Amino acid sequence: MLANPADKLTKKLKLVKSKAQRQEDVKAMTRDQRDLFLDTAKSTEPDFYTQFLFLFLSGVRLGESLGGEWDDLALIESRAHIARTVDDKTGEVGPPKGNRSARWT
């Protein structure tokens with residue numbers, strides 16, 4: 001057999017959501033929700049507060065943030081070099097996801 005006869009069947013039967021529908025399900029926090037989250041993190045998880053703040057302010061992915069090293073920070077310019085990411089399933093370090101490769105943010 002050269003091809004799976006059930007291939008794309010779930011899409012044809014509309015058993016899975018389209019990419020647009022999946023993106024519609026993702027909702028960003030409101031400013032009030034963000035502020036409450038950061039205030040709560042600051043008081044209950046102070047060791048992680050800076051990480052959460054960096055994620056909110058920079059917009060980088062969690063894995064990209066976890067892949068950062070001190071040499072990646074340009075504190076005077078308030079920039080970070082996103083050069084690697086940590087895979088959340090394997091813990092392996094690799095290049096950033098997608099076509100964006102290494103970049104400054």
# chains A, B, ... in the order shown; residues from 1 in each chain; ligands from 1
>>> select_by_dssp(residues="segment 9-55 of chain A", states="alpha helix (DSSP H)", output="MDAnalysis selection string")
chainID A and resid 9:12 19:25 31:44 46:55
>>> write_last_selection(atoms="C-alpha atoms", output="mmCIF file, in the first residue's frame")
data_model
loop_
_atom_site.group_PDB
_atom_site.id
_atom_site.type_symbol
_atom_site.label_atom_id
_atom_site.label_comp_id
_atom_site.auth_asym_id
_atom_site.auth_seq_id
_atom_site.Cartn_x
_atom_site.Cartn_y
_atom_site.Cartn_z
ATOM 1 C CA LEU A 9 -10.356 11.647 6.432
ATOM 2 C CA THR A 10 -10.624 13.428 9.772
ATOM 3 C CA LYS A 11 -10.353 16.768 7.992
ATOM 4 C CA LYS A 12 -12.923 15.782 5.367
ATOM 5 C CA LYS A 19 -5.689 26.138 11.831
ATOM 6 C CA ALA A 20 -7.850 29.272 11.875
ATOM 7 C CA GLN A 21 -10.295 27.656 14.316
ATOM 8 C CA ARG A 22 -7.452 26.534 16.598
ATOM 9 C CA GLN A 23 -5.977 30.047 16.576
ATOM 10 C CA GLU A 24 -9.391 31.477 17.394
ATOM 11 C CA ASP A 25 -9.432 29.323 20.548
ATOM 12 C CA ARG A 31 -4.206 43.879 30.849
ATOM 13 C CA ASP A 32 -6.080 43.399 34.112
ATOM 14 C CA GLN A 33 -5.544 39.635 33.952
ATOM 15 C CA ARG A 34 -1.857 40.130 33.123
ATOM 16 C CA ASP A 35 -1.394 42.557 36.017
ATOM 17 C CA LEU A 36 -3.164 40.207 38.438
ATOM 18 C CA PHE A 37 -1.035 37.298 37.214
ATOM 19 C CA LEU A 38 2.207 39.249 37.644
ATOM 20 C CA ASP A 39 1.201 40.592 41.066
ATOM 21 C CA THR A 40 0.333 37.071 42.193
ATOM 22 C CA ALA A 41 3.569 35.664 40.776
ATOM 23 C CA LYS A 42 5.590 38.374 42.498
ATOM 24 C CA SER A 43 4.095 37.557 45.906
ATOM 25 C CA THR A 44 3.797 33.759 45.648
ATOM 26 C CA PRO A 46 9.205 35.513 43.440
ATOM 27 C CA ASP A 47 11.912 33.270 41.931
ATOM 28 C CA PHE A 48 9.902 33.056 38.699
ATOM 29 C CA TYR A 49 8.541 36.608 38.582
ATOM 30 C CA THR A 50 11.369 37.969 36.413
ATOM 31 C CA GLN A 51 10.932 35.090 33.959
ATOM 32 C CA PHE A 52 7.187 35.757 33.689
ATOM 33 C CA LEU A 53 7.775 39.492 33.264
ATOM 34 C CA PHE A 54 10.320 38.830 30.498
ATOM 35 C CA LEU A 55 7.842 36.554 28.700
#
>>> residues_around(residues="Thr105 of chain A", least_positions_apart="5", cutoff="8 Å", atoms="only C-alpha atoms", output="list in words")
Ser58, Arg79, Ala80, His81 and Ile82 of chain A
>>> select_by_dssp(residues="segment 13-105 of chain A", states="strand (DSSP E)", output="ChimeraX atom specification")
/A:73-74,79-82,85-86,93-94,103-104
>>> closest_residue(among="A:Leu13, A:Gly91, A:Glu45, A:Leu75", to="Gly63 of chain A", atoms="only C-alpha atoms")
A:Gly91
>>> atom_distance(atom1="atom CA of Arg103 of chain A", atom2="atom CA of Asp88 of chain A")
20.5 Å
>>> closest_residue(among="A:Ser18, A:Ser65, A:Asn4, A:Ser78", to="Val93 of chain A", atoms="only C-alpha atoms")
A:Ser65
